[in-house]
>>> print(open('structure00.txt').read())   # compact mmCIF, C-alpha atoms
# COMPACT_ATOMS: atom_id res chain seq x y z
CA MET A 140 23.68 -9.50 27.62
CA GLU A 141 24.51 -10.12 31.28
CA SER A 142 25.32 -13.70 32.28
CA ASN A 143 22.69 -13.68 35.02
CA LYS A 144 20.05 -12.99 32.41
CA ILE A 145 20.93 -15.89 30.13
CA LEU A 146 18.23 -18.52 29.76
CA SER A 147 19.53 -22.04 29.17
CA VAL A 148 18.89 -25.66 30.07
CA GLU A 149 18.47 -26.03 33.85
CA SER A 150 17.28 -22.42 34.19
CA GLN A 151 13.98 -21.96 35.94
CA ALA A 152 11.30 -21.36 33.35
CA PRO A 153 10.17 -17.71 33.15
CA ALA A 154 6.54 -16.79 33.56
CA LEU A 155 4.04 -17.08 30.73
CA LYS A 156 3.16 -13.57 29.59
CA VAL A 157 0.54 -14.29 26.94
CA ARG A 158 -1.88 -11.46 26.36
CA ASP A 159 -4.57 -13.27 24.36
CA TRP A 160 -5.42 -16.98 24.05
CA VAL A 161 -6.73 -17.65 20.56
CA ARG A 162 -7.25 -21.40 21.04
CA GLY A 163 -7.88 -23.31 24.25
CA GLU A 164 -8.35 -22.18 27.84
CA PRO A 165 -5.98 -19.56 29.26
CA LEU A 166 -2.90 -20.91 31.01
CA ALA A 167 -1.58 -18.60 33.71
CA ASN A 168 1.31 -20.73 34.97
CA PHE A 169 3.10 -24.00 34.29
CA GLN A 170 1.68 -26.63 36.61
CA PRO A 171 4.07 -28.84 38.63
CA GLY A 172 4.05 -32.47 37.55
CA LYS A 173 3.40 -31.73 33.89
CA LEU A 174 5.91 -31.56 31.06
CA TYR A 175 5.25 -28.60 28.77
CA ILE A 176 6.42 -28.03 25.20
CA LEU A 177 6.32 -24.29 24.52
CA GLU A 178 6.62 -23.44 20.84
CA PHE A 179 7.14 -20.01 19.31
CA CYS A 180 5.48 -19.80 15.90
CA GLY A 181 4.20 -17.24 13.40
CA THR A 182 1.75 -16.95 10.52
CA TRP A 183 4.53 -15.59 8.27
CA CYS A 184 6.87 -18.52 8.99
CA GLY A 185 6.73 -21.24 6.32
CA PRO A 186 8.47 -23.98 8.37
CA CYS A 187 6.09 -23.31 11.28
CA VAL A 188 3.29 -25.14 9.45
CA GLY A 189 5.21 -28.42 9.43
CA ALA A 190 6.37 -27.84 13.01
CA MET A 191 2.81 -27.28 14.23
CA LEU A 192 1.58 -30.41 12.47
CA ASN A 193 4.36 -32.42 14.11
CA LEU A 194 3.42 -31.02 17.51
CA ILE A 195 -0.21 -31.99 16.94
CA GLU A 196 1.00 -35.56 16.40
CA LEU A 197 3.23 -35.44 19.49
CA GLN A 198 0.39 -34.10 21.63
CA GLU A 199 -1.85 -36.94 20.53
CA THR A 200 0.88 -39.55 21.09
CA TYR A 201 1.86 -38.36 24.56
CA LYS A 202 -1.43 -36.94 25.85
CA ASP A 203 -1.61 -39.63 28.56
CA SER A 204 1.98 -39.04 29.70
CA GLY A 205 1.47 -35.60 31.22
CA VAL A 206 2.71 -33.75 28.13
CA GLU A 207 1.06 -30.47 27.19
CA VAL A 208 1.93 -28.45 24.08
CA VAL A 209 1.50 -24.69 24.12
CA ALA A 210 2.17 -22.47 21.09
CA VAL A 211 2.65 -18.71 21.15
CA ALA A 212 2.77 -16.27 18.25
CA ALA A 213 4.95 -13.48 19.64
CA ASP A 214 6.15 -11.72 16.50
CA GLU A 215 3.14 -11.18 14.29
CA ARG A 216 3.53 -8.57 11.57
CA ALA A 217 0.33 -6.56 11.79
CA ALA A 218 -0.80 -2.97 12.22
CA SER A 219 -2.87 -3.69 15.35
CA ALA A 220 -3.60 -6.36 17.94
CA ASP A 221 -6.99 -7.03 16.34
CA GLU A 222 -5.42 -7.52 12.91
CA ALA A 223 -2.80 -9.85 14.40
CA ARG A 224 -5.47 -11.91 16.12
CA THR A 225 -7.54 -12.14 12.94
CA LYS A 226 -4.50 -13.29 10.93
CA LEU A 227 -3.55 -15.89 13.54
CA ASP A 228 -7.10 -17.20 13.82
CA ALA A 229 -7.40 -17.57 10.03
CA TRP A 230 -3.98 -19.29 9.80
CA LEU A 231 -4.93 -21.80 12.48
CA THR A 232 -8.32 -22.49 10.91
CA GLU A 233 -6.88 -23.01 7.44
CA ASN A 234 -3.88 -25.17 8.34
CA PHE A 235 -4.72 -27.08 11.50
CA PRO A 236 -8.25 -28.54 11.57
CA LYS A 237 -7.09 -31.11 14.15
CA LEU A 238 -5.38 -28.65 16.49
CA ASN A 239 -5.29 -30.13 19.98
CA PHE A 240 -3.37 -27.63 22.11
CA ARG A 241 -3.49 -24.04 23.32
CA VAL A 242 -2.32 -21.21 21.10
CA GLY A 243 -1.66 -17.73 22.42
CA LEU A 244 -0.88 -14.34 20.92
CA ASP A 245 1.46 -11.84 22.52
CA ASP A 246 1.76 -8.47 20.84
CA THR A 247 3.47 -6.75 23.78
CA GLY A 248 6.97 -8.13 23.24
CA ALA A 249 6.98 -9.67 26.72
CA MET A 250 7.41 -13.29 25.61
CA ASP A 251 10.22 -12.32 23.27
CA THR A 252 11.91 -10.39 26.09
CA VAL A 253 11.76 -13.10 28.76
CA TRP A 254 12.11 -16.20 26.57
CA MET A 255 13.61 -15.70 23.12
CA LYS A 256 16.24 -12.99 23.65
CA PRO A 257 17.74 -14.37 26.91
CA SER A 258 18.17 -17.81 25.29
CA PHE A 259 19.87 -16.36 22.16
CA SER A 260 16.89 -17.56 20.09
CA ILE A 261 16.41 -15.45 16.98
CA GLY A 262 14.42 -17.70 14.65
CA ILE A 263 11.20 -19.64 14.68
CA PRO A 264 9.93 -22.28 15.02
CA ARG A 265 11.64 -22.67 18.40
CA VAL A 266 10.64 -24.92 21.30
CA PHE A 267 11.37 -24.87 25.01
CA VAL A 268 10.62 -27.99 27.05
CA ILE A 269 9.71 -27.24 30.66
CA ASP A 270 10.21 -30.28 32.89
CA ARG A 271 7.92 -31.37 35.70
CA ASP A 272 9.92 -29.39 38.27
CA GLY A 273 9.60 -26.14 36.31
CA SER A 274 13.15 -26.21 34.93
CA ILE A 275 13.98 -25.83 31.24
CA ALA A 276 15.10 -29.22 29.93
CA PHE A 277 15.55 -28.51 26.21
CA ILE A 278 15.80 -25.54 23.84
CA GLY A 279 15.94 -26.04 20.10
CA HIS A 280 14.15 -26.85 16.88
CA PRO A 281 10.90 -28.85 17.09
CA ASP A 282 12.23 -31.56 14.77
CA LYS A 283 14.56 -32.71 17.57
CA LEU A 284 11.67 -33.57 19.87
CA HIS A 285 10.99 -37.01 18.40
CA ASP A 286 14.38 -38.16 19.67
CA VAL A 287 14.56 -36.13 22.86
CA LEU A 288 11.03 -36.45 24.27
CA PRO A 289 11.16 -40.16 25.22
CA GLN A 290 14.34 -39.48 27.23
CA LEU A 291 12.77 -36.45 28.85
CA LEU A 292 9.80 -38.53 29.93
CA ASP A 293 11.87 -41.33 31.46
CA GLY A 294 14.13 -38.83 33.25
CA THR A 295 17.40 -39.72 31.51
CA TRP A 296 17.84 -36.71 29.23
CA ARG A 297 18.89 -33.90 31.59
CA THR A 298 21.73 -35.86 33.16
CA SER A 299 23.00 -37.30 29.89
CA ALA A 300 26.21 -36.30 28.13
CA GLN A 301 24.12 -35.93 24.96
CA ALA A 302 21.97 -33.22 26.56
CA LYS A 303 24.97 -31.26 27.83
CA ALA A 304 26.71 -31.49 24.45
CA ALA A 305 23.54 -30.39 22.61
CA GLU A 306 23.19 -27.35 24.84
CA ARG A 307 26.84 -26.36 24.47
CA GLU A 308 26.54 -26.63 20.70
CA ARG A 309 23.31 -24.64 20.65
CA ILE A 310 24.80 -21.76 22.62
CA ALA A 311 28.01 -21.79 20.59
CA VAL A 312 25.94 -21.42 17.40
CA ASP A 313 23.12 -19.17 18.62
CA GLU A 314 24.95 -16.66 20.82
CA PRO A 315 27.02 -15.04 18.03
CA LYS A 316 23.92 -14.90 15.83
CA ALA A 317 21.91 -13.24 18.61
CA ARG A 318 24.58 -10.64 19.25
CA LYS A 319 24.76 -9.90 15.52
CA GLN A 320 20.97 -9.67 15.42
CA ALA A 321 21.05 -7.04 18.17
CA LEU A 322 23.53 -4.97 16.17
CA MET A 323 21.31 -5.28 13.09
CA GLU A 324 18.16 -3.92 14.75
CA PRO A 325 18.92 -0.19 14.28
CA ILE A 326 19.94 -0.88 10.67
CA ARG A 327 16.62 -2.60 10.03
CA GLY A 328 14.81 0.34 11.58
CA LYS A 329 16.63 2.76 9.30
CA ARG A 330 15.78 0.64 6.27
CA ARG A 331 12.10 0.29 7.17
CA ALA A 332 11.72 4.01 7.73
CA ALA A 333 13.36 4.78 4.37
CA GLU A 334 11.25 2.25 2.47
CA GLU A 335 8.03 3.61 3.97
CA ILE A 336 8.68 7.01 2.35
CA GLY A 337 10.23 5.62 -0.83
CA ASP A 338 13.73 6.88 -0.03
CA TRP A 339 15.41 4.05 -1.90
CA LYS A 340 18.95 5.39 -1.72
CA THR A 341 18.84 5.58 2.07
CA ALA A 342 17.27 2.11 2.16
CA LEU A 343 20.08 0.83 -0.05
CA ALA A 344 22.69 2.41 2.22
CA ALA A 345 21.10 0.63 5.20
CA ILE A 346 21.15 -2.70 3.35
CA GLU A 347 24.80 -2.23 2.45
CA GLU A 348 25.55 -1.39 6.08
CA GLY A 349 23.84 -4.64 7.03
CA ILE A 350 25.85 -6.63 4.49
CA ALA A 351 29.08 -5.20 5.92
CA LEU A 352 27.98 -6.39 9.36
CA ASP A 353 26.57 -9.75 8.27
CA SER A 354 28.31 -10.97 5.12
CA ASP A 355 26.62 -14.39 5.40
CA ASN A 356 23.12 -12.98 4.92
CA TYR A 357 22.01 -13.99 1.41
CA ASN A 358 18.61 -12.33 1.88
CA LEU A 359 20.29 -8.94 2.28
CA ARG A 360 22.11 -9.58 -1.01
CA ALA A 361 18.78 -10.32 -2.67
CA SER A 362 17.28 -7.12 -1.26
CA GLN A 363 20.26 -5.14 -2.56
CA VAL A 364 19.72 -6.50 -6.07
CA HIS A 365 15.98 -5.82 -5.85
CA LEU A 366 16.44 -2.19 -4.87
CA LEU A 367 19.07 -1.48 -7.52
CA LEU A 368 17.15 -3.08 -10.38
CA ASP A 369 13.51 -2.48 -9.46
CA LYS A 370 13.46 0.72 -7.38
CA ILE A 371 16.55 2.76 -8.23
CA CYS A 372 16.71 1.33 -11.77
CA ASP A 373 20.49 1.41 -11.90
CA MET A 374 21.10 -1.40 -14.37
CA GLU A 375 24.88 -1.04 -14.52
CA THR A 376 25.41 -1.24 -10.76
CA GLY A 377 22.63 -3.79 -10.29
CA LEU A 378 24.09 -6.11 -12.90
CA ALA A 379 27.55 -5.90 -11.33
CA VAL A 380 26.14 -6.61 -7.86
CA LEU A 381 24.10 -9.54 -9.18
CA TRP A 382 27.13 -11.09 -10.89
CA GLN A 383 29.04 -10.73 -7.63
CA PHE A 384 26.16 -12.47 -5.83
CA VAL A 385 26.21 -15.32 -8.38
CA ARG A 386 29.98 -15.80 -8.09
CA GLU A 387 29.85 -15.81 -4.30
CA ALA A 388 26.95 -18.29 -4.30
CA VAL A 389 28.97 -20.64 -6.49
CA ASP A 390 32.06 -20.22 -4.31
CA ARG A 391 30.12 -20.91 -1.13
CA GLY A 392 28.20 -23.80 -2.69
CA GLY A 393 25.34 -23.63 -0.19
CA ALA A 394 21.80 -24.42 -1.32
CA HIS A 395 20.32 -21.23 0.15
CA TRP A 396 22.89 -19.02 -1.55
CA LEU A 397 22.57 -20.77 -4.90
CA LEU A 398 18.78 -20.80 -4.91
CA THR A 399 18.42 -17.19 -3.75
CA ALA A 400 20.87 -16.02 -6.40
CA MET A 401 18.99 -18.05 -9.02
CA MET A 402 15.72 -16.40 -8.05
CA GLN A 403 17.25 -12.97 -8.63
CA ILE A 404 18.11 -13.52 -12.28
CA PHE A 405 14.48 -13.41 -13.39
CA HIS A 406 14.07 -9.65 -13.02
CA GLN A 407 12.30 -8.63 -16.20
CA SER A 408 14.66 -5.70 -16.73
CA LEU A 409 17.74 -7.92 -17.03
CA PRO A 410 19.13 -8.45 -20.55
CA SER A 411 18.35 -12.01 -21.60
CA GLY A 412 21.97 -12.77 -22.43
CA GLU A 413 23.09 -11.90 -18.91
CA ARG A 414 20.20 -13.83 -17.40
CA PHE A 415 20.95 -16.93 -19.42
CA ALA A 416 24.67 -16.80 -18.60
CA MET A 417 23.95 -16.56 -14.87
CA GLY A 418 21.27 -19.24 -15.07
CA LYS A 419 23.62 -21.67 -16.82
CA VAL A 420 26.24 -21.36 -14.07
CA LEU A 421 23.77 -21.55 -11.19
CA SER A 422 21.74 -24.44 -12.67
CA LYS A 423 24.86 -26.55 -12.98
CA HIS A 424 25.74 -26.08 -9.33
CA ILE A 425 22.18 -26.44 -8.01
CA LEU A 426 21.68 -29.75 -9.84
CA ALA A 427 25.03 -30.96 -8.49
CA LEU A 428 23.90 -30.55 -4.86
CA ASP A 429 23.64 -33.67 -2.73
CA LEU A 430 19.88 -33.68 -2.17
CA ALA A 431 20.14 -36.17 0.69
CA GLN A 432 22.24 -33.67 2.65
CA CYS A 433 20.56 -30.53 1.32
CA SER A 434 18.97 -28.04 3.70
CA LEU A 435 16.26 -27.13 1.17
CA PRO A 436 13.54 -29.35 -0.32
CA PRO A 437 14.15 -30.58 -3.90
CA SER A 438 10.83 -29.08 -5.01
CA LEU A 439 12.16 -25.54 -4.54
CA LEU A 440 15.45 -26.32 -6.25
CA PHE A 441 13.93 -28.10 -9.25
CA ARG A 442 11.27 -25.41 -9.75
CA GLU A 443 13.77 -22.57 -10.12
CA VAL A 444 16.08 -24.51 -12.42
CA ALA A 445 13.06 -25.51 -14.51
CA ARG A 446 12.19 -21.87 -14.92
CA TYR A 447 15.65 -21.20 -16.34
CA TYR A 448 15.35 -24.05 -18.84
CA HIS A 449 11.92 -22.86 -19.90
CA GLU A 450 13.25 -19.35 -20.53
CA ILE A 451 16.08 -20.61 -22.75
CA GLY A 452 13.59 -22.67 -24.77
CA ASN A 453 14.36 -26.18 -23.46
CA LYS A 454 10.75 -27.04 -22.69
CA ASP A 455 11.33 -30.79 -22.30
CA ARG A 456 13.94 -30.29 -19.58
CA ALA A 457 11.74 -27.71 -17.83
CA VAL A 458 8.80 -30.13 -17.80
CA GLU A 459 11.01 -32.95 -16.54
CA LEU A 460 12.21 -30.83 -13.61
CA ILE A 461 8.72 -29.69 -12.61
CA GLU A 462 7.59 -33.32 -12.64
CA LEU A 463 10.53 -34.18 -10.39
CA ALA A 464 9.54 -31.32 -8.08
CA LEU A 465 5.98 -32.64 -7.84
CA LYS A 466 7.21 -36.16 -7.21
CA SER A 467 9.47 -34.95 -4.40
CA LEU A 468 6.45 -33.56 -2.54
CA ASP A 469 5.15 -37.09 -2.06
CA GLY A 470 8.09 -37.99 0.18
CA PRO A 471 7.74 -38.78 3.90
CA ASP A 472 9.60 -35.70 5.21
CA PRO A 473 7.29 -34.16 7.87
CA ASP A 474 8.76 -30.69 7.31
CA MET A 475 7.21 -30.74 3.84
CA HIS A 476 3.64 -30.46 5.17
CA GLY A 477 3.41 -26.74 4.45
CA LEU A 478 4.87 -27.04 0.96
CA LYS A 479 2.68 -30.00 0.08
CA LYS A 480 -0.41 -27.94 0.79
CA ASP A 481 0.63 -24.55 -0.55
CA PHE A 482 3.28 -25.28 -3.17
CA LYS A 483 1.78 -28.21 -5.07
CA PRO A 484 -0.99 -26.17 -6.78
CA ASP A 485 1.59 -23.69 -8.08
CA LEU A 486 3.83 -26.48 -9.35
CA LEU A 487 0.89 -28.12 -11.08
CA GLN A 488 -0.14 -24.84 -12.71
CA THR A 489 3.44 -24.25 -13.84
CA LEU A 490 3.55 -27.74 -15.37
CA ALA A 491 0.34 -27.08 -17.30
CA ASN A 492 1.72 -23.74 -18.51
CA TYR A 493 4.98 -25.29 -19.65
CA LYS A 494 3.30 -28.20 -21.44
CA GLY A 495 0.57 -26.03 -22.92
CA GLU A 496 -2.11 -28.58 -22.08
CA GLU A 497 -4.27 -29.80 -19.25
CA VAL A 498 -2.37 -31.85 -16.67
CA CYS A 499 -3.65 -34.00 -13.81
CA TYR A 500 -1.91 -35.02 -10.61
CA GLY A 501 -3.91 -37.39 -8.46
CA ASP A 502 -7.48 -36.12 -8.54
CA VAL A 503 -6.52 -32.52 -9.34
CA CYS A 504 -6.47 -31.24 -12.95
CA VAL A 505 -5.52 -27.77 -14.20
CA VAL A 506 -5.47 -26.10 -17.60
CA PRO A 507 -2.67 -23.85 -18.91
CA ARG A 508 -2.76 -20.18 -18.05
CA THR A 509 -0.90 -17.87 -20.39
CA SER A 510 -1.93 -14.41 -19.17
CA ALA A 511 -0.45 -14.58 -15.68
CA THR A 512 2.68 -15.81 -14.03
CA PRO A 513 2.01 -18.35 -11.30
CA LYS A 514 2.26 -16.91 -7.81
CA ALA A 515 5.16 -19.20 -6.99
CA GLU A 516 7.21 -17.54 -9.72
CA GLN A 517 6.51 -14.00 -8.52
CA GLU A 518 7.59 -14.14 -4.89
CA ASN A 519 10.64 -12.36 -3.57
CA PRO A 520 13.08 -14.93 -2.17
CA ALA A 521 13.78 -12.79 0.85
CA GLU A 522 10.13 -13.23 1.85
CA ARG A 523 9.91 -16.97 1.17
CA GLY A 524 9.51 -18.75 4.49
CA ALA A 525 11.15 -21.90 3.32
CA LEU A 526 14.40 -20.04 2.71
CA GLU A 527 14.61 -18.56 6.17
>>> encode(input="structure00.txt", output="structure tokens")
Amino acid sequence: MESNKILSVESQAPALKVRDWVRGEPLANFQPGKLYILEFCGTWCGPCVGAMLNLIELQETYKDSGVEVVAVAADERAASADEARTKLDAWLTENFPKLNFRVGLDDTGAMDTVWMKPSFSIGIPRVFVIDRDGSIAFIGHPDKLHDVLPQLLDGTWRTSAQAKAAERERIAVDEPKARKQALMEPIRGKRRAAEEIGDWKTALAAIEEGIALDSDNYNLRASQVHLLLDKICDMETGLAVLWQFVREAVDRGGAHWLLTAMMQIFHQSLPSGERFAMGKVLSKHILALDLAQCSLPPSLLFREVARYYHEIGNKDRAVELIELALKSLDGPDPDMHGLKKDFKPDLLQTLANYKGEEVCYGDVCVVPRTSATPKAEQENPAERGALE
């Protein structure tokens, strides 16, 4: 990536290249004198729900200060533009009844090309703040806006040492990730093509190539286990790879690694003795995490450990952990908005299943279901938005 193409704080904001406005009037250009918050979001992105709800609150708070929020879905996973628009429209309708800003859809790749890639941005949600003079004043995660926005509005942010340090840190972290992402693209293409025709050995080779390039990617490890156990049905190799994953997760000690490894042990084909041995090790380390400093919500952590305890027959401990998971959803963390809405019903159903009786939480009551596994217990961790 050439230096003259890098997009950073103090760069002039690129043009808006939004093909279709799904909510609000079209916006052709950023208007001088206004401060814009441009967010990149997606229907497949779990954390984007909480980010959008926070931006709705910010738009309401600062609507009289010349602040205008604009969201763009630029990486929708759909077969056609019409399907992408339908998905985005349904997502907005379901999750954001009080939406108060424009939302656009770009299926051409233009917004990704002129905004995300030049700024080394590879994940969403991601926000760019465009100052009143058309210059970029901030690039980062939406949860930083509560602290930064007041300084942006009074004109003290861009000249501050804090702003310069934040931008240096962002580039130092994001640039290596972006360069690695670029190297991974052809590997992903090879994997997708192989999976579409059911060529699982070629897909596995692509995943292993990706792991060699990006050894920190726990989702690739999960995909490797999935292919070996569920598609290729190589129990001996799959079991060895899974044990390696478990040991590395314990050595690293990170919440994402531990939880993703834990979610892999529930493959139905695994011998119960192996599953229980892995679960015992992982549960110990997950429950030892400092939840105050943890990068994942307690509800996800408690739910998976509860599943392990339920499988080994310790129903009381499983119930206790699910109740803790439900209780944690009542916390004030704004990033929990999406989980509160989508995850609570699954937790409540799991609690009823584990107790074998009707349970009520607030004004919602559910009865046990024995013929089906709750959706929350079926998902592949590599596809779980909250883990990304």
>>> atom_distance(input="structure00.txt", atom1="atom CA of A:Ile176", atom2="atom CA of A:Lys316")
23.8 Å
>>> residues_around(input="structure00.txt", residues="A:Cys372", least_positions_apart="4", cutoff="12 Å", atoms="all atoms listed in the file", output="ChimeraX atom specification")
/A:339-340,363-368,376-378,406-409
>>> atom_distance(input="structure00.txt", atom1="atom CA of A:Ile275", atom2="atom CA of A:Val206")
14.1 Å
>>> atom_distance(input="structure00.txt", atom1="atom CA of A:Gly163", atom2="atom CA of A:Arg241")
4.5 Å
>>> residues_near_point(input="structure00.txt", point="(4.5, -35.9, -12.6)", cutoff="9 Å", atoms="all atoms listed in the file", output="list in words")
Val458, Glu459, Ile461, Glu462, Leu463, Ala464, Leu465, Lys466, Leu487, Leu490, Val498, Cys499 and Tyr500 of chain A
>>> closest_residue(input="structure00.txt", among="A:Val208, A:Leu486, A:Ala394, A:Val385", to="A:Ala190", atoms="only C-alpha atoms")
A:Val208
>>> residues_near_point(input="structure00.txt", point="(22.5, -26.3, -12.7)", cutoff="10 Å", atoms="all atoms listed in the file", output="ChimeraX atom specification")
/A:397,401,418-428,440-441,443-445,447-448
>>> closest_residue(input="structure00.txt", among="A:Leu227, A:Val148, A:Ile326, A:Val211", to="A:Ala302", atoms="all atoms listed in the file")
A:Val148
>>> closest_residue(input="structure00.txt", among="A:His285, A:Cys180, A:Ala249, A:Ala351", to="A:Arg265", atoms="only C-alpha atoms")
A:Cys180
>>> closest_residue(input="structure00.txt", among="A:Arg158, A:Pro264, A:Phe235, A:Leu291", to="A:Ser204", atoms="all atoms listed in the file")
A:Leu291
>>> closest_residue(input="structure00.txt", among="A:Glu348, A:Asp246, A:Glu314, A:Asp429", to="A:Glu222", atoms="all atoms listed in the file")
A:Asp246
>>> closest_residue(input="structure00.txt", among="A:Arg307, A:Arg162, A:Arg442, A:Lys156", to="A:Leu398", atoms="all atoms listed in the file")
A:Arg442
>>> residues_around(input="structure00.txt", residues="stretch 294-300 of chain A", least_positions_apart="2", cutoff="12 Å", atoms="only C-alpha atoms", output="mmCIF file with C-alpha atoms, in the frame of the given file")
data_model
loop_
_atom_site.group_PDB
_atom_site.id
_atom_site.type_symbol
_atom_site.label_atom_id
_atom_site.label_comp_id
_atom_site.auth_asym_id
_atom_site.auth_seq_id
_atom_site.Cartn_x
_atom_site.Cartn_y
_atom_site.Cartn_z
ATOM 1 C CA VAL A 148 18.890 -25.660 30.070
ATOM 2 C CA GLU A 149 18.470 -26.030 33.850
ATOM 3 C CA SER A 150 17.280 -22.420 34.190
ATOM 4 C CA LEU A 174 5.910 -31.560 31.060
ATOM 5 C CA VAL A 268 10.620 -27.990 27.050
ATOM 6 C CA ILE A 269 9.710 -27.240 30.660
ATOM 7 C CA ASP A 270 10.210 -30.280 32.890
ATOM 8 C CA ARG A 271 7.920 -31.370 35.700
ATOM 9 C CA ASP A 272 9.920 -29.390 38.270
ATOM 10 C CA SER A 274 13.150 -26.210 34.930
ATOM 11 C CA ILE A 275 13.980 -25.830 31.240
ATOM 12 C CA ALA A 276 15.100 -29.220 29.930
ATOM 13 C CA PHE A 277 15.550 -28.510 26.210
ATOM 14 C CA ILE A 278 15.800 -25.540 23.840
ATOM 15 C CA LEU A 284 11.670 -33.570 19.870
ATOM 16 C CA ASP A 286 14.380 -38.160 19.670
ATOM 17 C CA VAL A 287 14.560 -36.130 22.860
ATOM 18 C CA LEU A 288 11.030 -36.450 24.270
ATOM 19 C CA PRO A 289 11.160 -40.160 25.220
ATOM 20 C CA GLN A 290 14.340 -39.480 27.230
ATOM 21 C CA LEU A 291 12.770 -36.450 28.850
ATOM 22 C CA LEU A 292 9.800 -38.530 29.930
ATOM 23 C CA ALA A 302 21.970 -33.220 26.560
ATOM 24 C CA LYS A 303 24.970 -31.260 27.830
ATOM 25 C CA ALA A 304 26.710 -31.490 24.450
ATOM 26 C CA ALA A 305 23.540 -30.390 22.610
ATOM 27 C CA GLU A 306 23.190 -27.350 24.840
ATOM 28 C CA ARG A 307 26.840 -26.360 24.470
#
